[in-house]
Amino acid sequence: MKNQWDTVIVGGGIIGHSISYHLSKAGADVCVLDKGTGGRRATGAAAGMLGVHTENRTPGLYHEFCVKSRDMYNELQTELYQCSGIDIQLTTNGMLQIALDEREAKELQEKQQSFPSLSWLDDREMKIRHPWVKSSGALWMREDGNVKPEKVAEAFKRGARSFGSTVKDGCFVIRIRKSGQGYEVTTNEGEIFAERIVVAAGADSGPWFRETGLPNPMVPVKGECFSIKPRNLLFQETYFSPSFYVVPKRDGSIVIGATSREGDGSESTSAGGIADLMDQVFRVFPALREEPLEKWWSGVRPGTSDGRPVIGEHPQEKGIFFATGHYRNGILLAPATGKLIQSLFEKGTFAKKYEGLFSPARFQIGGVYEHTR
């Protein structure tokens, strides 16, 4: 049985499978190790928003990276369907960041000045165009949208397999250690070898920072969500506020989330969390209160101590890469993250532009590498 690959990816969520897809398509021999069954954790719990402007207050390199990743979905929806047969359910109906009071309205109007392509809708316009929402205005983001996260992850997975990649579900990593010019990975299924390792294990990535001599920057953030299946869909746009989001899907359901519990790595869904979320949402969207409840769930987002993803090569352990810490932007940034890892391997221009923004070297203790194994 084969036990050696060019690249082993630890983690089978949307980030790991995007990386596998991009590398395999470019001709690399890749194996994804997932302790579960792929896309069932943070990926499966996500609403799938492609909210470029909800995550950026001003233009800059990070905003540019977000835009590039969102726009990659336009081609990926056809490309992934052709190689996997899966419709990722991309919608481009736009997004509204709603203001719930005058203070938030003022902040969003200031934000609009930084992004001239966005439009401000005052409370009068909102009453006419979006009468089901109680707000003080909204910022209209016409190019943002959403996808079905679990569909995207599975499409990346099947697409990568079509290019020759291997996926080992139910395979968890016990140890990674240097072996010659590459690495030996000890798993519950035995030893495997690779020239490169990519840690893309979401909120579970923390131990691999410590094992390789870096401080653990990971901050788990639990989020709880629910969905309804309205009898008549009132709207097609996605709505976002600092307290919640409302995301209509092509199958007629509406995903509503999410609570935010920093430092909580548990996966149970609390009655109080869902009740608080419902209370906030129904005050703003009263028309949704009587609609049929579909389901509820929770997930653990992989946050970081400085709020930015970690995408890049270890500053000392050459051949070990990280692709984690995307917090609530894993779905949005999955395409560009896969492209960035591929470009880092190939030392391409995409990597040269963005690697400094996400490099794990920023977590070196006191600016100096300290090995703790």
# chains A, B, ... in the order shown; residues from 1 in each chain; ligands from 1
$ residues_around --residues "stretch 258-266 of chain A" --least-positions-apart "6" --cutoff "12 Å" --atoms "only C-alpha atoms" --output "PyMOL selection string"
chain A and resi 41-42+45-47+202-204+217-227+240-247+272-281+296-305+327-328
$ select_by_dssp --residues "stretch 173-333 of chain A" --states "strand (DSSP E or B)" --output "ChimeraX atom specification"
/A:173-179,182-187,190-199,218-228,238-240,245-248,254-257,261-262,293-304,310-313,320-324
$ select_by_dssp --residues "stretch 61-308 of chain A" --states "helix (DSSP H, G or I)" --output "compact mmCIF listing (two decimals) with N, CA, C and O atoms, in the first residue's frame"
# COMPACT_ATOMS: atom_id res chain seq x y z
N LEU A 61 -4.29 45.50 1.26
CA LEU A 61 -3.86 44.22 0.71
C LEU A 61 -4.79 43.08 1.11
O LEU A 61 -5.09 42.20 0.30
N TYR A 62 -5.26 43.09 2.37
CA TYR A 62 -6.17 42.04 2.81
C TYR A 62 -7.50 42.13 2.06
O TYR A 62 -8.04 41.11 1.62
N HIS A 63 -8.01 43.32 1.90
CA HIS A 63 -9.24 43.50 1.13
C HIS A 63 -9.05 42.99 -0.30
O HIS A 63 -9.92 42.32 -0.86
N GLU A 64 -7.91 43.28 -0.90
CA GLU A 64 -7.62 42.83 -2.26
C GLU A 64 -7.61 41.31 -2.33
O GLU A 64 -8.12 40.71 -3.28
N PHE A 65 -7.02 40.67 -1.32
CA PHE A 65 -6.97 39.20 -1.26
C PHE A 65 -8.39 38.64 -1.18
O PHE A 65 -8.72 37.64 -1.84
N CYS A 66 -9.23 39.29 -0.37
CA CYS A 66 -10.62 38.85 -0.24
C CYS A 66 -11.37 38.96 -1.57
O CYS A 66 -12.12 38.06 -1.95
N VAL A 67 -11.17 40.07 -2.27
CA VAL A 67 -11.83 40.27 -3.56
C VAL A 67 -11.40 39.20 -4.55
O VAL A 67 -12.23 38.62 -5.27
N LYS A 68 -10.10 38.94 -4.62
CA LYS A 68 -9.60 37.93 -5.55
C LYS A 68 -10.20 36.56 -5.26
O LYS A 68 -10.57 35.82 -6.17
N SER A 69 -10.30 36.23 -3.97
CA SER A 69 -10.84 34.92 -3.61
C SER A 69 -12.32 34.83 -3.96
O SER A 69 -12.78 33.82 -4.51
N ARG A 70 -13.08 35.87 -3.63
CA ARG A 70 -14.51 35.88 -4.00
C ARG A 70 -14.69 35.71 -5.49
O ARG A 70 -15.52 34.91 -5.96
N ASP A 71 -13.92 36.45 -6.26
CA ASP A 71 -14.07 36.42 -7.72
C ASP A 71 -13.65 35.09 -8.33
O ASP A 71 -14.11 34.73 -9.42
N MET A 72 -12.78 34.35 -7.64
CA MET A 72 -12.38 33.04 -8.15
C MET A 72 -13.57 32.08 -8.23
O MET A 72 -13.58 31.16 -9.05
N TYR A 73 -14.58 32.30 -7.38
CA TYR A 73 -15.75 31.42 -7.39
C TYR A 73 -16.51 31.48 -8.71
O TYR A 73 -17.18 30.52 -9.10
N ASN A 74 -16.42 32.59 -9.41
CA ASN A 74 -17.15 32.72 -10.67
C ASN A 74 -16.70 31.67 -11.68
O ASN A 74 -17.53 31.10 -12.40
N GLU A 75 -15.41 31.41 -11.75
CA GLU A 75 -14.90 30.37 -12.63
C GLU A 75 -14.98 28.99 -11.99
O GLU A 75 -15.23 27.99 -12.66
N LEU A 76 -14.78 28.95 -10.69
CA LEU A 76 -14.77 27.67 -10.00
C LEU A 76 -16.11 26.95 -10.08
O LEU A 76 -16.16 25.71 -10.11
N GLN A 77 -17.21 27.70 -10.09
CA GLN A 77 -18.51 27.02 -10.10
C GLN A 77 -18.66 26.13 -11.33
O GLN A 77 -19.19 25.02 -11.25
N THR A 78 -18.15 26.58 -12.48
CA THR A 78 -18.20 25.76 -13.70
C THR A 78 -17.11 24.70 -13.68
O THR A 78 -17.35 23.52 -14.00
N GLU A 79 -15.91 25.10 -13.29
CA GLU A 79 -14.76 24.20 -13.27
C GLU A 79 -15.00 23.01 -12.34
O GLU A 79 -14.74 21.86 -12.70
N LEU A 80 -15.51 23.30 -11.14
CA LEU A 80 -15.74 22.23 -10.17
C LEU A 80 -16.90 21.34 -10.59
O LEU A 80 -16.88 20.12 -10.35
N TYR A 81 -17.89 21.92 -11.23
CA TYR A 81 -19.01 21.09 -11.70
C TYR A 81 -18.53 20.10 -12.76
O TYR A 81 -18.93 18.93 -12.79
N GLN A 82 -17.64 20.57 -13.62
CA GLN A 82 -17.15 19.72 -14.71
C GLN A 82 -16.33 18.55 -14.19
O GLN A 82 -16.38 17.45 -14.76
N CYS A 83 -15.56 18.76 -13.12
CA CYS A 83 -14.70 17.67 -12.65
C CYS A 83 -15.28 16.91 -11.46
O CYS A 83 -14.75 15.86 -11.09
N SER A 84 -16.37 17.42 -10.87
CA SER A 84 -16.94 16.73 -9.70
C SER A 84 -18.42 16.43 -9.84
O SER A 84 -18.95 15.58 -9.12
N GLU A 102 -28.53 54.83 14.83
CA GLU A 102 -27.90 55.96 14.15
C GLU A 102 -26.37 55.90 14.22
O GLU A 102 -25.69 56.33 13.29
N ARG A 103 -25.84 55.37 15.30
CA ARG A 103 -24.39 55.25 15.40
C ARG A 103 -23.85 54.32 14.32
O ARG A 103 -22.88 54.64 13.63
N GLU A 104 -24.49 53.17 14.17
CA GLU A 104 -24.06 52.23 13.13
C GLU A 104 -24.27 52.81 11.74
O GLU A 104 -23.46 52.59 10.83
N ALA A 105 -25.34 53.57 11.56
CA ALA A 105 -25.59 54.21 10.27
C ALA A 105 -24.46 55.18 9.91
O ALA A 105 -23.99 55.20 8.77
N LYS A 106 -24.01 55.94 10.88
CA LYS A 106 -22.92 56.88 10.65
C LYS A 106 -21.63 56.14 10.29
O LYS A 106 -20.90 56.53 9.37
N GLU A 107 -21.35 55.05 10.99
CA GLU A 107 -20.14 54.26 10.72
C GLU A 107 -20.18 53.68 9.30
O GLU A 107 -19.16 53.68 8.59
N LEU A 108 -21.34 53.20 8.87
CA LEU A 108 -21.44 52.61 7.54
C LEU A 108 -21.35 53.67 6.44
O LEU A 108 -20.79 53.41 5.37
N GLN A 109 -21.86 54.86 6.70
CA GLN A 109 -21.73 55.93 5.72
C GLN A 109 -20.26 56.34 5.58
O GLN A 109 -19.79 56.64 4.47
N GLU A 110 -19.52 56.32 6.68
CA GLU A 110 -18.08 56.61 6.61
C GLU A 110 -17.36 55.50 5.84
O GLU A 110 -16.44 55.77 5.06
N LYS A 111 -17.79 54.27 6.06
CA LYS A 111 -17.19 53.14 5.35
C LYS A 111 -17.44 53.24 3.85
O LYS A 111 -16.56 52.94 3.04
N GLN A 112 -18.62 53.71 3.48
CA GLN A 112 -18.95 53.86 2.07
C GLN A 112 -18.02 54.82 1.36
O GLN A 112 -17.71 54.66 0.19
N GLN A 113 -17.51 55.81 2.10
CA GLN A 113 -16.57 56.75 1.51
C GLN A 113 -15.25 56.08 1.13
O GLN A 113 -14.56 56.52 0.21
N SER A 114 -14.91 54.99 1.83
CA SER A 114 -13.69 54.25 1.51
C SER A 114 -13.88 53.29 0.34
O SER A 114 -12.91 52.86 -0.28
N ASP A 123 -32.79 55.11 5.68
CA ASP A 123 -33.93 54.40 6.26
C ASP A 123 -35.19 54.52 5.40
O ASP A 123 -35.98 53.58 5.31
N ARG A 124 -35.35 55.66 4.70
CA ARG A 124 -36.51 55.81 3.82
C ARG A 124 -36.42 54.84 2.64
O ARG A 124 -37.41 54.17 2.31
N GLU A 125 -35.25 54.74 2.04
CA GLU A 125 -35.07 53.82 0.92
C GLU A 125 -35.23 52.37 1.36
O GLU A 125 -35.77 51.53 0.63
N MET A 126 -34.75 52.06 2.56
CA MET A 126 -34.90 50.70 3.07
C MET A 126 -36.36 50.33 3.27
O MET A 126 -36.77 49.20 2.97
N LYS A 127 -37.18 51.28 3.75
CA LYS A 127 -38.60 50.99 3.96
C LYS A 127 -39.30 50.70 2.64
O LYS A 127 -40.25 49.90 2.59
N ILE A 128 -38.85 51.33 1.57
CA ILE A 128 -39.45 51.11 0.27
C ILE A 128 -38.95 49.82 -0.38
O ILE A 128 -39.75 49.01 -0.87
N ARG A 129 -37.64 49.61 -0.36
CA ARG A 129 -37.03 48.49 -1.08
C ARG A 129 -36.94 47.21 -0.26
O ARG A 129 -36.91 46.11 -0.81
N PRO A 149 -21.36 25.80 1.68
CA PRO A 149 -20.01 25.38 2.09
C PRO A 149 -19.70 23.90 1.92
O PRO A 149 -18.64 23.54 1.41
N GLU A 150 -20.62 23.05 2.37
CA GLU A 150 -20.34 21.61 2.28
C GLU A 150 -20.27 21.14 0.83
O GLU A 150 -19.53 20.20 0.51
N LYS A 151 -21.02 21.81 -0.05
CA LYS A 151 -20.95 21.48 -1.48
C LYS A 151 -19.59 21.88 -2.06
O LYS A 151 -19.00 21.14 -2.86
N VAL A 152 -19.09 23.05 -1.66
CA VAL A 152 -17.79 23.51 -2.15
C VAL A 152 -16.69 22.56 -1.68
O VAL A 152 -15.83 22.15 -2.47
N ALA A 153 -16.72 22.20 -0.39
CA ALA A 153 -15.69 21.30 0.14
C ALA A 153 -15.70 19.96 -0.58
O ALA A 153 -14.64 19.43 -0.96
N GLU A 154 -16.88 19.41 -0.80
CA GLU A 154 -16.97 18.11 -1.47
C GLU A 154 -16.56 18.22 -2.94
O GLU A 154 -15.92 17.31 -3.49
N ALA A 155 -16.88 19.36 -3.57
CA ALA A 155 -16.47 19.55 -4.96
C ALA A 155 -14.96 19.66 -5.08
O ALA A 155 -14.35 19.08 -6.01
N PHE A 156 -14.31 20.40 -4.16
CA PHE A 156 -12.85 20.45 -4.15
C PHE A 156 -12.28 19.04 -3.94
O PHE A 156 -11.30 18.65 -4.59
N LYS A 157 -12.87 18.30 -3.03
CA LYS A 157 -12.39 16.96 -2.70
C LYS A 157 -12.47 16.03 -3.92
O LYS A 157 -11.48 15.37 -4.28
N ARG A 158 -13.63 16.00 -4.56
CA ARG A 158 -13.80 15.13 -5.73
C ARG A 158 -12.96 15.63 -6.90
O ARG A 158 -12.41 14.82 -7.67
N GLY A 159 -12.89 16.96 -7.03
CA GLY A 159 -12.07 17.51 -8.11
C GLY A 159 -10.61 17.12 -7.96
O GLY A 159 -9.94 16.74 -8.93
N ALA A 160 -10.11 17.22 -6.72
CA ALA A 160 -8.71 16.84 -6.47
C ALA A 160 -8.49 15.36 -6.77
O ALA A 160 -7.47 14.97 -7.35
N ARG A 161 -9.47 14.54 -6.39
CA ARG A 161 -9.35 13.10 -6.67
C ARG A 161 -9.30 12.84 -8.18
O ARG A 161 -8.61 11.93 -8.65
N SER A 162 -10.05 13.65 -8.94
CA SER A 162 -10.04 13.46 -10.39
C SER A 162 -8.66 13.77 -10.99
O SER A 162 -8.33 13.31 -12.08
N GLY A 202 -7.85 23.71 10.96
CA GLY A 202 -8.79 24.61 11.60
C GLY A 202 -8.45 24.87 13.05
O GLY A 202 -7.28 25.09 13.41
N ALA A 203 -9.47 24.83 13.90
CA ALA A 203 -9.27 25.12 15.32
C ALA A 203 -8.39 24.09 16.01
O ALA A 203 -7.91 24.34 17.13
N ASP A 204 -8.15 22.95 15.37
CA ASP A 204 -7.28 21.91 15.94
C ASP A 204 -5.82 22.07 15.52
O ASP A 204 -5.01 21.18 15.77
N GLY A 206 -3.62 24.22 16.60
CA GLY A 206 -2.76 24.75 17.65
C GLY A 206 -1.59 23.88 18.07
O GLY A 206 -0.45 24.35 18.15
N PRO A 207 -1.80 22.58 18.33
CA PRO A 207 -0.69 21.73 18.78
C PRO A 207 0.48 21.69 17.80
O PRO A 207 1.63 21.54 18.21
N TRP A 208 0.19 21.85 16.50
CA TRP A 208 1.27 21.76 15.52
C TRP A 208 2.13 23.02 15.48
O TRP A 208 3.28 22.96 15.05
N PHE A 209 1.61 24.14 15.95
CA PHE A 209 2.46 25.31 16.17
C PHE A 209 3.42 25.02 17.32
O PHE A 209 4.62 25.23 17.21
N ARG A 210 2.87 24.52 18.42
CA ARG A 210 3.71 24.23 19.60
C ARG A 210 4.76 23.17 19.28
O ARG A 210 5.92 23.28 19.67
N GLU A 211 4.35 22.11 18.55
CA GLU A 211 5.27 21.02 18.24
C GLU A 211 6.44 21.46 17.37
O GLU A 211 7.48 20.83 17.35
N ALA A 271 -29.43 25.96 24.17
CA ALA A 271 -30.78 26.52 24.01
C ALA A 271 -30.74 28.04 24.20
O ALA A 271 -31.40 28.79 23.46
N GLY A 272 -29.94 28.49 25.18
CA GLY A 272 -29.86 29.93 25.44
C GLY A 272 -29.24 30.69 24.29
O GLY A 272 -29.67 31.80 23.95
N GLY A 273 -28.20 30.10 23.67
CA GLY A 273 -27.55 30.76 22.54
C GLY A 273 -28.50 30.94 21.38
O GLY A 273 -28.57 32.02 20.77
N ILE A 274 -29.25 29.88 21.05
CA ILE A 274 -30.22 29.97 19.95
C ILE A 274 -31.34 30.93 20.30
O ILE A 274 -31.80 31.72 19.45
N ALA A 275 -31.80 30.91 21.56
CA ALA A 275 -32.88 31.81 21.98
C ALA A 275 -32.44 33.27 21.87
O ALA A 275 -33.20 34.13 21.38
N ASP A 276 -31.22 33.58 22.31
CA ASP A 276 -30.71 34.96 22.21
C ASP A 276 -30.59 35.39 20.75
O ASP A 276 -30.92 36.53 20.40
N LEU A 277 -30.11 34.48 19.91
CA LEU A 277 -29.96 34.79 18.49
C LEU A 277 -31.32 35.06 17.85
O LEU A 277 -31.50 36.02 17.09
N MET A 278 -32.29 34.22 18.16
CA MET A 278 -33.63 34.42 17.62
C MET A 278 -34.21 35.76 18.05
O MET A 278 -34.83 36.48 17.25
N ASP A 279 -34.00 36.11 19.30
CA ASP A 279 -34.54 37.36 19.82
C ASP A 279 -33.97 38.55 19.04
O ASP A 279 -34.71 39.47 18.66
N GLN A 280 -32.67 38.53 18.78
CA GLN A 280 -32.04 39.63 18.05
C GLN A 280 -32.55 39.70 16.61
O GLN A 280 -32.86 40.77 16.09
N VAL A 281 -32.65 38.54 15.97
CA VAL A 281 -33.04 38.50 14.55
C VAL A 281 -34.49 38.92 14.37
O VAL A 281 -34.81 39.72 13.48
N PHE A 282 -35.38 38.42 15.20
CA PHE A 282 -36.80 38.67 14.99
C PHE A 282 -37.20 40.11 15.32
O PHE A 282 -38.23 40.58 14.84
N ARG A 283 -36.39 40.80 16.11
CA ARG A 283 -36.64 42.22 16.33
C ARG A 283 -36.43 43.02 15.05
O ARG A 283 -37.07 44.03 14.81
N VAL A 284 -35.49 42.55 14.21
CA VAL A 284 -35.16 43.25 12.97
C VAL A 284 -35.92 42.66 11.78
O VAL A 284 -36.27 43.39 10.84
N PRO A 286 -39.15 40.83 11.76
CA PRO A 286 -40.35 40.27 12.42
C PRO A 286 -41.13 39.31 11.53
O PRO A 286 -41.80 38.40 12.04
N ALA A 287 -41.05 39.47 10.21
CA ALA A 287 -41.80 38.61 9.30
C ALA A 287 -41.33 37.16 9.34
O ALA A 287 -42.05 36.26 8.91
N LEU A 288 -40.12 36.91 9.86
CA LEU A 288 -39.59 35.55 9.90
C LEU A 288 -40.03 34.77 11.13
O LEU A 288 -39.84 33.55 11.20
$ decode --residues "stretch 145-157 of chain A" --atoms "N, CA and C atoms" --output "compact mmCIF listing (two decimals), in the first residue's frame"
# COMPACT_ATOMS: atom_id res chain seq x y z
N GLY A 145 -21.98 37.66 -2.24
CA GLY A 145 -23.03 36.66 -2.29
C GLY A 145 -22.77 35.53 -1.32
N ASN A 146 -23.08 34.29 -1.72
CA ASN A 146 -22.83 33.15 -0.84
C ASN A 146 -22.79 31.86 -1.65
N VAL A 147 -22.26 30.82 -1.03
CA VAL A 147 -22.21 29.47 -1.60
C VAL A 147 -22.68 28.49 -0.54
N LYS A 148 -22.81 27.24 -0.94
CA LYS A 148 -23.14 26.17 0.00
C LYS A 148 -21.83 25.54 0.45
N PRO A 149 -21.36 25.80 1.68
CA PRO A 149 -20.01 25.38 2.09
C PRO A 149 -19.70 23.90 1.92
N GLU A 150 -20.62 23.05 2.37
CA GLU A 150 -20.34 21.61 2.28
C GLU A 150 -20.27 21.14 0.83
N LYS A 151 -21.02 21.81 -0.05
CA LYS A 151 -20.95 21.48 -1.48
C LYS A 151 -19.59 21.88 -2.06
N VAL A 152 -19.09 23.05 -1.66
CA VAL A 152 -17.79 23.51 -2.15
C VAL A 152 -16.69 22.56 -1.68
N ALA A 153 -16.72 22.20 -0.39
CA ALA A 153 -15.69 21.30 0.14
C ALA A 153 -15.70 19.96 -0.58
N GLU A 154 -16.88 19.41 -0.80
CA GLU A 154 -16.97 18.11 -1.47
C GLU A 154 -16.56 18.22 -2.94
N ALA A 155 -16.88 19.36 -3.57
CA ALA A 155 -16.47 19.55 -4.96
C ALA A 155 -14.96 19.66 -5.08
N PHE A 156 -14.31 20.40 -4.16
CA PHE A 156 -12.85 20.45 -4.15
C PHE A 156 -12.28 19.04 -3.94
N LYS A 157 -12.87 18.30 -3.03
CA LYS A 157 -12.39 16.96 -2.70
C LYS A 157 -12.47 16.03 -3.92
